[in-house]
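See below for input_7.txt, which holds compact mmCIF, C-alpha atoms.
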# COMPACT_ATOMS: atom_id res chain seq x y z
CA MET A 261 -54.53 -61.26 43.54
CA GLY A 262 -54.54 -63.70 40.69
CA ARG A 263 -57.17 -63.35 37.99
CA ARG A 264 -59.38 -66.07 39.49
CA GLU A 265 -59.55 -64.34 42.90
CA ALA A 266 -59.96 -60.91 41.32
CA THR A 267 -62.85 -61.97 39.11
CA ALA A 268 -64.57 -63.61 42.07
CA ALA A 269 -64.17 -60.42 44.15
CA VAL A 270 -65.50 -58.17 41.39
CA GLY A 271 -68.21 -60.58 40.27
CA VAL A 272 -67.37 -60.93 36.58
CA ASP A 273 -66.57 -63.82 34.28
CA ARG A 274 -62.91 -64.82 33.79
CA LYS A 275 -63.20 -64.26 30.02
CA THR A 276 -64.44 -60.74 30.63
CA ALA A 277 -61.51 -60.14 32.98
CA TYR A 278 -59.10 -61.36 30.30
CA LEU A 279 -60.55 -58.88 27.81
CA TRP A 280 -60.27 -56.10 30.37
CA ASP A 281 -56.65 -56.95 31.05
CA ASN A 282 -55.85 -56.56 27.35
CA GLY A 283 -57.90 -53.39 26.85
CA ILE A 284 -60.41 -55.12 24.57
CA VAL A 285 -64.02 -53.98 24.50
CA GLN A 286 -67.12 -55.34 22.80
CA ALA A 287 -68.99 -53.08 20.39
CA LYS A 288 -71.95 -54.27 18.31
CA GLY A 289 -71.03 -57.88 18.94
CA LYS A 290 -67.43 -57.45 17.82
CA LEU A 291 -64.18 -57.28 19.78
CA VAL A 292 -62.47 -53.92 19.40
CA HIS A 293 -58.75 -53.57 20.15
CA PRO A 294 -58.06 -49.92 21.07
CA GLU A 295 -54.98 -48.36 19.45
CA THR A 296 -54.09 -46.44 22.62
CA ALA A 297 -54.48 -47.46 26.24
CA ALA A 298 -54.19 -45.03 29.11
CA VAL A 299 -52.75 -47.57 31.54
CA ASP A 300 -51.61 -51.13 30.99
CA TYR A 301 -54.07 -52.95 33.23
CA LYS A 302 -51.61 -55.79 33.78
CA GLN A 303 -49.14 -53.29 35.23
CA THR A 304 -51.86 -51.98 37.49
CA VAL A 305 -52.71 -55.46 38.75
CA ASN A 306 -49.05 -56.29 39.28
CA THR A 307 -48.19 -53.08 41.17
CA ALA A 308 -48.45 -54.80 44.55
CA ILE A 309 -46.17 -57.63 43.41
CA ALA A 310 -43.72 -55.13 41.93
CA ALA A 311 -43.69 -53.15 45.14
CA THR A 312 -42.76 -56.31 47.05
CA GLU A 313 -39.94 -56.93 44.61
CA ALA A 314 -38.74 -53.37 45.09
CA THR A 315 -38.17 -54.05 48.78
CA GLN A 316 -35.88 -56.88 47.69
CA GLY A 317 -33.69 -54.58 45.58
CA THR A 318 -35.36 -54.96 42.17
CA THR A 319 -36.42 -52.07 39.89
CA THR A 320 -39.60 -53.60 38.46
CA ALA A 321 -41.81 -51.50 40.71
CA SER A 322 -40.25 -48.18 39.69
CA ILE A 323 -40.54 -49.05 36.02
CA ALA A 324 -44.19 -50.10 36.37
CA GLN A 325 -45.05 -47.06 38.45
CA THR A 326 -43.34 -44.71 35.99
CA ALA A 327 -45.34 -46.14 33.09
CA LEU A 328 -48.50 -46.05 35.18
CA GLU A 329 -48.19 -42.44 36.28
CA LYS A 330 -46.81 -40.90 33.07
CA VAL A 331 -48.15 -37.37 32.56
CA ILE A 332 -48.88 -36.72 28.88
CA ASP A 333 -49.45 -32.98 29.22
CA PRO A 334 -50.10 -30.70 32.23
CA ARG A 335 -53.42 -29.62 30.80
CA TYR A 336 -54.75 -33.18 31.14
CA LEU A 337 -55.65 -34.71 34.48
CA SER A 338 -53.07 -37.29 35.49
CA LEU A 339 -53.57 -40.50 37.45
CA GLN A 340 -52.31 -38.73 40.58
CA ASP A 341 -54.89 -35.97 40.05
CA ARG A 342 -57.63 -38.53 39.73
CA GLU A 343 -56.51 -40.30 42.91
CA ARG A 344 -56.64 -37.00 44.74
CA ILE A 345 -60.12 -36.31 43.38
CA ARG A 346 -61.29 -39.68 44.68
CA ASP A 347 -59.70 -39.10 48.11
CA MET A 348 -61.12 -35.59 48.52
CA LYS A 349 -64.59 -36.61 47.37
CA ALA A 350 -64.48 -39.51 49.86
CA GLN A 351 -63.79 -36.92 52.56
CA GLY A 352 -66.90 -34.99 51.54
CA CYS A 353 -65.16 -32.11 49.75
CA SER A 354 -67.10 -30.21 47.12
CA SER A 355 -66.06 -30.03 43.47
CA ARG A 356 -65.11 -26.39 43.98
CA ALA A 357 -62.78 -27.32 46.86
CA VAL A 358 -61.21 -30.10 44.79
CA ALA A 359 -60.73 -27.70 41.88
CA ALA A 360 -59.01 -25.18 44.14
CA ALA A 361 -56.66 -27.85 45.47
CA LEU A 362 -55.71 -29.02 41.97
CA GLY A 363 -55.58 -25.57 40.39
CA ARG A 364 -58.39 -26.41 37.98
CA SER A 365 -61.76 -24.89 37.22
CA PRO A 366 -64.76 -26.33 39.08
CA SER A 367 -66.42 -27.21 35.77
CA SER A 368 -63.42 -29.37 34.81
CA ILE A 369 -63.75 -31.40 38.02
CA SER A 370 -67.51 -31.68 37.62
CA ARG A 371 -67.16 -32.94 34.04
CA GLU A 372 -64.42 -35.38 35.07
CA ILE A 373 -66.62 -36.99 37.72
CA SER A 374 -69.74 -37.15 35.55
CA ARG A 375 -67.96 -38.53 32.49
CA ASN A 376 -65.63 -41.07 34.06
CA SER A 377 -67.57 -42.46 37.01
CA HIS A 378 -68.59 -46.12 37.06
CA PRO A 379 -72.38 -46.53 37.20
CA VAL A 380 -72.10 -48.93 40.18
CA LEU A 381 -68.74 -48.35 41.85
CA GLY A 382 -68.73 -44.57 41.45
CA TYR A 383 -65.57 -42.61 40.71
CA GLN A 384 -62.49 -44.85 40.54
CA PRO A 385 -59.16 -43.24 39.53
CA TYR A 386 -57.80 -46.17 37.50
CA GLY A 387 -61.06 -46.70 35.68
CA ALA A 388 -61.36 -42.97 35.07
CA GLN A 389 -57.83 -42.90 33.65
CA ARG A 390 -58.59 -45.72 31.24
CA ALA A 391 -61.90 -44.20 30.19
CA ALA A 392 -60.34 -40.79 29.56
CA VAL A 393 -57.57 -42.10 27.34
CA ALA A 394 -59.87 -44.45 25.45
CA ARG A 395 -61.92 -41.38 24.58
CA ARG A 396 -58.87 -39.31 23.59
CA PRO A 397 -58.43 -40.59 20.01
CA ARG A 398 -61.03 -38.78 17.96
CA PRO A 399 -61.26 -40.01 14.39
CA LYS A 400 -63.18 -36.92 13.34
CA VAL A 401 -64.18 -36.40 9.73
CA SER A 402 -61.80 -33.97 8.04
CA LYS A 403 -63.25 -30.54 7.44
CA LEU A 404 -62.62 -30.94 3.73
CA ASN A 405 -64.40 -34.30 3.79
CA GLY A 406 -67.45 -33.02 5.60
CA ASN A 407 -68.08 -29.85 3.58
CA GLN A 408 -68.59 -30.42 -0.15
CA ARG A 409 -68.83 -26.72 -0.98
CA LEU A 410 -65.62 -25.93 0.88
CA ARG A 411 -63.79 -28.85 -0.76
CA ASP A 412 -64.87 -27.75 -4.25
CA PHE A 413 -63.69 -24.19 -3.57
CA VAL A 414 -60.27 -25.41 -2.40
CA LYS A 415 -59.94 -27.73 -5.41
CA ASP A 416 -60.80 -24.98 -7.88
CA LYS A 417 -58.32 -22.54 -6.38
CA LEU A 418 -55.55 -25.13 -6.24
CA LEU A 419 -56.07 -25.81 -9.92
CA THR A 420 -55.54 -22.09 -10.59
CA ARG A 421 -52.26 -22.45 -8.67
CA CYS A 422 -53.26 -20.46 -5.60
CA SER A 423 -51.27 -21.44 -2.51
CA PRO A 424 -53.05 -22.92 0.55
CA GLU A 425 -52.43 -19.71 2.49
CA GLN A 426 -53.94 -17.62 -0.29
CA ILE A 427 -56.98 -19.92 -0.40
CA SER A 428 -57.45 -19.66 3.37
CA HIS A 429 -57.57 -15.87 3.33
CA LEU A 430 -59.56 -15.71 0.11
CA LEU A 431 -62.32 -17.70 1.84
CA ILE A 432 -62.57 -15.02 4.51
CA LYS A 433 -62.76 -12.33 1.87
CA GLU A 434 -65.38 -14.04 -0.31
CA TYR A 435 -67.47 -15.56 2.51
CA PRO A 436 -67.19 -13.04 5.36
CA ASP A 437 -70.41 -14.19 7.08
CA ASP A 438 -70.15 -17.95 6.51
CA GLU A 439 -68.12 -19.56 9.28
CA GLN A 440 -68.44 -22.96 7.60
CA MET A 441 -66.30 -21.72 4.71
CA ARG A 442 -63.08 -21.59 6.70
CA VAL A 443 -60.01 -23.80 6.50
CA SER A 444 -56.44 -23.31 7.64
CA PRO A 445 -53.46 -23.62 5.25
CA GLU A 446 -52.12 -26.55 7.28
CA THR A 447 -55.39 -28.47 6.80
CA ILE A 448 -55.04 -28.09 3.04
CA TYR A 449 -51.40 -29.16 3.13
CA GLN A 450 -52.24 -32.22 5.19
CA ALA A 451 -55.07 -33.08 2.84
CA LEU A 452 -52.49 -33.15 0.06
CA TYR A 453 -49.52 -34.66 1.88
CA LEU A 454 -51.35 -37.03 4.24
CA GLN A 455 -54.16 -38.52 2.24
CA ALA A 456 -55.61 -40.32 5.26
CA ARG A 457 -56.30 -36.93 6.85
CA GLY A 458 -57.82 -35.18 3.86
CA GLY A 459 -60.62 -35.14 1.36
CA LEU A 460 -58.75 -33.96 -1.72
CA LYS A 461 -57.74 -36.33 -4.48
CA ARG A 462 -54.07 -37.16 -4.68
CA GLU A 463 -53.82 -35.69 -8.14
CA VAL A 464 -54.55 -32.23 -6.77
CA LYS A 465 -51.12 -32.15 -5.12
CA ASP A 466 -49.77 -31.47 -8.61
CA ALA A 467 -51.28 -28.00 -8.27
CA LEU A 468 -48.75 -27.11 -5.55
CA ARG A 469 -46.12 -24.81 -6.94
CA THR A 470 -43.22 -26.97 -5.86
CA GLY A 471 -44.74 -30.12 -7.33
CA ARG A 472 -43.21 -32.07 -4.44
CA THR A 473 -44.73 -34.16 -1.69
CA ARG A 474 -42.27 -32.89 0.92
CA ARG A 475 -40.45 -29.64 1.49
CA LYS A 476 -36.83 -29.12 0.50
CA THR A 477 -34.27 -26.50 1.44
CA ARG A 478 -33.51 -23.77 -1.04
CA LYS A 479 -30.31 -23.62 -3.05
CA ASN A 480 -28.40 -20.52 -4.07
CA THR A 481 -28.37 -19.59 -7.74
CA GLU A 482 -25.12 -19.14 -9.65
CA GLU A 483 -23.38 -15.79 -9.50
CA ARG A 484 -23.62 -13.47 -12.44
CA THR A 485 -20.43 -11.53 -13.12
CA SER A 486 -21.02 -10.01 -16.56
CA ARG A 487 -19.99 -6.41 -17.16
CA PHE A 488 -21.09 -3.91 -19.82
CA ARG A 489 -19.42 -1.43 -22.11
CA ASP A 490 -21.77 1.37 -21.07
CA PRO A 491 -21.33 2.45 -17.44
CA MET A 492 -23.94 0.88 -15.22
CA ILE A 493 -25.61 2.34 -12.14
CA ASN A 494 -25.24 0.18 -9.04
CA ILE A 495 -28.25 -0.59 -6.89
CA SER A 496 -26.63 1.25 -4.00
CA GLU A 497 -27.30 4.50 -5.90
CA ARG A 498 -31.01 3.79 -6.24
CA PRO A 499 -33.19 6.54 -4.68
CA PRO A 500 -34.38 5.86 -1.11
CA GLU A 501 -38.08 6.06 -2.04
CA VAL A 502 -37.69 2.86 -4.05
CA GLU A 503 -36.71 0.85 -0.98
CA ASP A 504 -39.92 1.31 1.01
CA ARG A 505 -42.19 0.57 -2.01
CA ALA A 506 -44.30 3.61 -1.15
CA VAL A 507 -44.01 5.19 -4.62
CA PRO A 508 -45.37 3.07 -7.49
CA GLY A 509 -43.74 2.73 -10.88
CA HIS A 510 -40.50 0.96 -9.94
CA TRP A 511 -39.90 -2.39 -11.60
CA GLU A 512 -37.71 -5.45 -11.19
CA GLY A 513 -36.82 -7.64 -14.16
CA ASP A 514 -35.01 -10.78 -15.24
CA LEU A 515 -35.09 -13.61 -17.78
CA ILE A 516 -36.35 -17.14 -17.32
CA THR A 517 -34.68 -19.44 -19.84
CA GLY A 518 -35.72 -22.68 -21.48
CA ALA A 519 -33.87 -25.85 -22.46
CA TYR A 520 -30.14 -25.32 -23.04
CA ASN A 521 -30.72 -21.55 -22.69
CA GLN A 522 -31.97 -21.45 -26.28
CA SER A 523 -35.25 -19.63 -25.48
CA ALA A 524 -36.32 -17.13 -22.86
CA ILE A 525 -39.10 -14.92 -21.51
CA ALA A 526 -38.46 -11.54 -19.90
CA THR A 527 -40.35 -10.98 -16.63
CA LEU A 528 -41.21 -7.62 -15.10
CA VAL A 529 -42.70 -7.03 -11.61
CA GLU A 530 -43.88 -3.71 -10.21
CA ARG A 531 -42.53 -3.41 -6.66
CA THR A 532 -45.54 -1.72 -5.05
CA THR A 533 -48.43 -3.68 -6.58
CA ARG A 534 -46.51 -6.88 -7.52
CA TYR A 535 -48.12 -6.57 -10.95
CA VAL A 536 -46.48 -8.91 -13.49
CA MET A 537 -45.81 -8.35 -17.20
CA LEU A 538 -44.21 -10.93 -19.49
CA VAL A 539 -42.17 -9.93 -22.54
CA HIS A 540 -42.30 -12.20 -25.58
CA LEU A 541 -38.87 -12.91 -27.14
CA PRO A 542 -39.74 -14.92 -30.27
CA THR A 543 -36.30 -15.45 -31.82
CA ASP A 544 -33.54 -15.10 -29.21
CA HIS A 545 -32.66 -13.28 -26.00
CA ASN A 546 -29.59 -11.31 -26.95
CA ALA A 547 -29.13 -7.70 -25.91
CA GLU A 548 -30.91 -6.24 -28.96
CA SER A 549 -33.97 -8.49 -28.65
CA VAL A 550 -34.32 -7.85 -24.93
CA ARG A 551 -33.91 -4.11 -25.42
CA ASP A 552 -36.61 -3.97 -28.11
CA GLY A 553 -39.00 -6.16 -26.11
CA LEU A 554 -38.61 -4.08 -22.96
CA ILE A 555 -39.05 -0.82 -24.83
CA LYS A 556 -42.26 -2.06 -26.47
CA THR A 557 -43.70 -3.30 -23.18
CA MET A 558 -42.75 -0.29 -21.04
CA SER A 559 -43.88 2.25 -23.64
CA ALA A 560 -47.45 0.99 -23.19
CA LEU A 561 -47.47 2.18 -19.55
CA PRO A 562 -48.49 5.67 -18.45
CA ALA A 563 -45.62 7.98 -17.55
CA HIS A 564 -46.25 7.86 -13.79
CA LEU A 565 -45.73 4.08 -13.83
CA ARG A 566 -42.36 4.30 -15.59
CA GLY A 567 -39.92 5.05 -12.80
CA TRP A 568 -36.82 2.83 -12.54
CA LEU A 569 -35.89 -0.71 -13.51
CA THR A 570 -33.73 -3.02 -11.40
CA TRP A 571 -31.98 -5.91 -13.17
CA ASP A 572 -29.12 -8.29 -12.52
CA GLN A 573 -25.81 -8.13 -14.38
CA GLY A 574 -26.78 -10.53 -17.17
CA ALA A 575 -25.40 -9.98 -20.67
CA GLU A 576 -28.93 -9.47 -22.03
CA MET A 577 -28.90 -5.94 -20.56
CA ALA A 578 -25.80 -4.80 -22.44
CA LYS A 579 -28.02 -2.28 -24.31
CA HIS A 580 -29.39 -0.77 -21.10
CA LYS A 581 -28.35 2.72 -22.12
CA ALA A 582 -30.48 2.62 -25.27
CA PHE A 583 -33.41 1.34 -23.21
CA SER A 584 -33.06 4.22 -20.74
CA ILE A 585 -33.00 6.80 -23.53
CA ALA A 586 -36.09 5.35 -25.23
CA THR A 587 -38.21 4.99 -22.08
CA ASP A 588 -36.73 7.66 -19.79
CA MET A 589 -36.17 4.92 -17.18
CA ASP A 590 -32.86 4.48 -15.37
CA VAL A 591 -31.63 0.90 -14.93
CA TYR A 592 -30.05 -0.10 -11.61
CA PHE A 593 -27.97 -3.26 -11.44
CA CYS A 594 -27.75 -5.66 -8.51
CA ASP A 595 -24.50 -6.83 -6.99
CA PRO A 596 -23.13 -10.10 -8.42
CA GLY A 597 -24.69 -13.15 -6.80
CA SER A 598 -27.30 -11.13 -4.88
CA PRO A 599 -30.73 -12.24 -6.15
CA TRP A 600 -32.39 -11.06 -2.92
CA GLN A 601 -31.90 -7.50 -4.16
CA ARG A 602 -34.69 -8.28 -6.64
CA GLY A 603 -36.80 -10.26 -4.22
CA SER A 604 -40.19 -9.63 -5.85
CA ASN A 605 -38.93 -10.68 -9.27
CA GLU A 606 -37.16 -13.78 -7.97
CA ASN A 607 -40.33 -14.86 -6.18
CA THR A 608 -42.39 -14.27 -9.32
CA ASN A 609 -39.97 -16.26 -11.45
CA GLY A 610 -40.39 -19.15 -9.04
CA LEU A 611 -44.17 -18.95 -9.48
CA LEU A 612 -43.82 -18.80 -13.25
CA ARG A 613 -41.77 -21.99 -13.30
CA GLN A 614 -44.98 -23.86 -12.55
CA CYS A 615 -46.30 -22.74 -15.93
CA PHE A 616 -42.94 -22.77 -17.70
CA PRO A 617 -40.97 -25.69 -16.22
CA LYS A 618 -37.21 -25.75 -16.46
CA GLY A 619 -35.79 -27.68 -19.38
CA THR A 620 -38.72 -26.95 -21.72
CA ASP A 621 -38.75 -24.99 -24.96
CA LEU A 622 -40.21 -21.56 -24.19
CA SER A 623 -40.36 -20.50 -27.84
CA VAL A 624 -43.59 -22.50 -28.28
CA TYR A 625 -45.47 -19.96 -26.14
CA GLY A 626 -46.90 -17.02 -28.01
CA PRO A 627 -47.91 -13.56 -26.77
CA GLU A 628 -51.44 -14.79 -26.02
CA ASP A 629 -50.09 -17.58 -23.82
CA LEU A 630 -47.90 -15.14 -21.90
CA GLU A 631 -50.81 -12.75 -21.44
CA HIS A 632 -52.98 -15.57 -20.07
CA VAL A 633 -50.33 -16.60 -17.53
CA ALA A 634 -49.76 -12.99 -16.47
CA GLN A 635 -53.48 -12.45 -15.95
CA GLU A 636 -53.70 -15.60 -13.85
CA LEU A 637 -50.80 -14.47 -11.66
CA ASN A 638 -52.20 -10.95 -11.30
CA ALA A 639 -55.58 -12.35 -10.20
CA ARG A 640 -54.17 -14.19 -7.17
CA PRO A 641 -54.58 -12.58 -3.73
CA ARG A 642 -51.28 -11.70 -2.06
CA LYS A 643 -50.54 -11.72 1.64
CA THR A 644 -48.25 -8.71 1.34
CA LEU A 645 -51.11 -6.74 -0.28
CA GLY A 646 -53.59 -7.49 2.48
CA TRP A 647 -55.00 -10.28 0.31
CA ASP A 648 -55.82 -7.93 -2.53
CA THR A 649 -54.73 -8.93 -6.01
CA PRO A 650 -52.03 -7.11 -8.04
CA ALA A 651 -54.65 -6.36 -10.68
CA GLU A 652 -56.85 -4.62 -8.08
CA ARG A 653 -53.94 -2.54 -6.79
CA LEU A 654 -52.88 -1.49 -10.31
CA ARG A 655 -56.48 -0.61 -11.18
CA ASP A 656 -56.61 1.68 -8.12
CA LEU A 657 -53.40 3.38 -9.23
CA LEU A 658 -54.75 3.96 -12.72
CA LEU A 659 -58.04 5.33 -11.42
CA THR A 660 -56.42 7.77 -8.98
CA ASN A 661 -54.00 9.29 -11.49

Structure translated into structure tokens:
Amino acid sequence: MGRREATAAVGVDRKTAYLWDNGIVQAKGKLVHPETAAVDYKQTVNTAIAATEATQGTTTASIAQTALEKVIDPRYLSLQDRERIRDMKAQGCSSRAVAAALGRSPSSISREISRNSHPVLGYQPYGAQRAAVARRPRPKVSKLNGNQRLRDFVKDKLLTRCSPEQISHLLIKEYPDDEQMRVSPETIYQALYLQARGGLKREVKDALRTGRTRRKTRKNTEERTSRFRDPMINISERPPEVEDRAVPGHWEGDLITGAYNQSAIATLVERTTRYVMLVHLPTDHNAESVRDGLIKTMSALPAHLRGWLTWDQGAEMAKHKAFSIATDMDVYFCDPGSPWQRGSNENTNGLLRQCFPKGTDLSVYGPEDLEHVAQELNARPRKTLGWDTPAERLRDLLLTN
């Protein structure tokens, strides 16, 4: 039919029919254009014409029918499902019988009929399809927008440089009985990356460790090929108990350097607890300075926490033999270009770069600054520790020995 005949048959005004054709509805006296339409009503009206053209060798009908009957996802009722519901209900079948025929639960069929039926015409498949898809977009308020206490908690933890995943699990630990204080890591990331979806201020994204607004692939670091006068012990000779991290007291170390490699900080990570210590190098980072700094730092530890030290083959460890004699700790060296053999330390150095960016002068940081950063890092919950903090794990070790 044309629009004039159709409006006369249905009993509506031609202007109303025009709005229906274009998916426009009136709400509070205003015309609302929906962003998504289940079915193009013009295609529906023209199906009979398209079918006639199909008998004459054209493809308009197949195109219109394909667009009309597109299945978005098997879990949603399709137009064909709705037509079958209408046919079976017209035959007097119960909702349970319809559900069995469609492989759905009876409650799904009951809800479909009650939600999408026309108050006068009853259940109509095309109208039900349009109503269902018009209801599909749900501009819900973000969880971080709707919960002030949750948003403040996430903000505070981001500003202490906790990752979204750490924040998500820390909420469970600190609020075990409050289901409102829950948020997934992806929700936090989207609140930072997609501002339209979140309730966090854009400035908070600076608290992410990468400092980026999109993820990038990792790059390999340069190989280190330095060799020493004193014989070094290769990592392949390291005792087996070090590998499984079951025995505490084994450390990984490295340097992070500043602008033009003129300043540096030595970093130490305990493999079992992931506890971090930072060594202040006030003047330079040659072999003598690194040796003295490591000896001073390691000598403060109890004997049972001084096992072995794993380092790369940098020139700063040329005095490794003197360090071993002073601390009774053997030093094992990684293979050239194999940073993954010190995985805990490499990960920690990446975290520290948020506090000590590349290209900056590290000599301006004193021992108090390094201690503050180390305490902050040791107070963060870690996934690998069951969301305990390194400080808690080290405290347990000290109390049990």

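Atom pair CA of Asn609 (chain A) / CA of Ser444 (chain A): separated by 26.2 Å.
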
Show me as a PyMOL selection string the residues that reach within 10 Å of (-54.8, -22.8, -12.3), counting only C-alpha atoms and using the file's own coordinates. chain A and resi 415-422+467+614-615+633+636-637

Taking (-28.2, -2.7, -21.7) in the coordinates of the supplied file, I want to know which residues reach to within 10 Å of it, counting only C-alpha atoms; could you give the answer as number ranges by chain? A: 488-492, 547-548, 550-551, 571, 573-584, 591

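Distances from A:Pro650, A:Gly387, A:Pro562, A:Gly352 to Gly283 (chain A) were compared using all atoms listed in the file, and the smallest one belongs to A:Gly387.
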
Show which residues sit within 7 Å of region 344-347 of chain A, as a list of chain:residue names. Count only C-alpha atoms, and ignore same-chain residues fewer than 6 positions away.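 Everything that qualifies: A:Val358, A:Tyr383, A:Gln384, A:Pro385.
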
Contacts of Ile369 (chain A) at 12 Å or less, counting all atoms listed in the file, minus same-chain residues fewer than 3 places along, as a PyMOL selection string? chain A and resi 336-337+341-342+344-346+348-349+353-366+372-377+383

Give me the residues near Leu565 (chain A) as a list of chain:residue names, where near means some atom within 12 Å (using all atoms listed in the file) and where sequence neighbours in that chain fewer than 2 positions away do not count. A:Val507, A:Pro508, A:Gly509, A:His510, A:Trp511, A:Val529, A:Glu530, A:Arg531, A:Thr532, A:Thr533, A:Tyr535, A:Met558, A:Ser559, A:Ala560, A:Leu561, A:Pro562, A:Ala563, A:Gly567, A:Trp568, A:Leu569, A:Thr587, A:Asp588, A:Met589, A:Leu654, A:Leu657, A:Leu658, A:Asn661
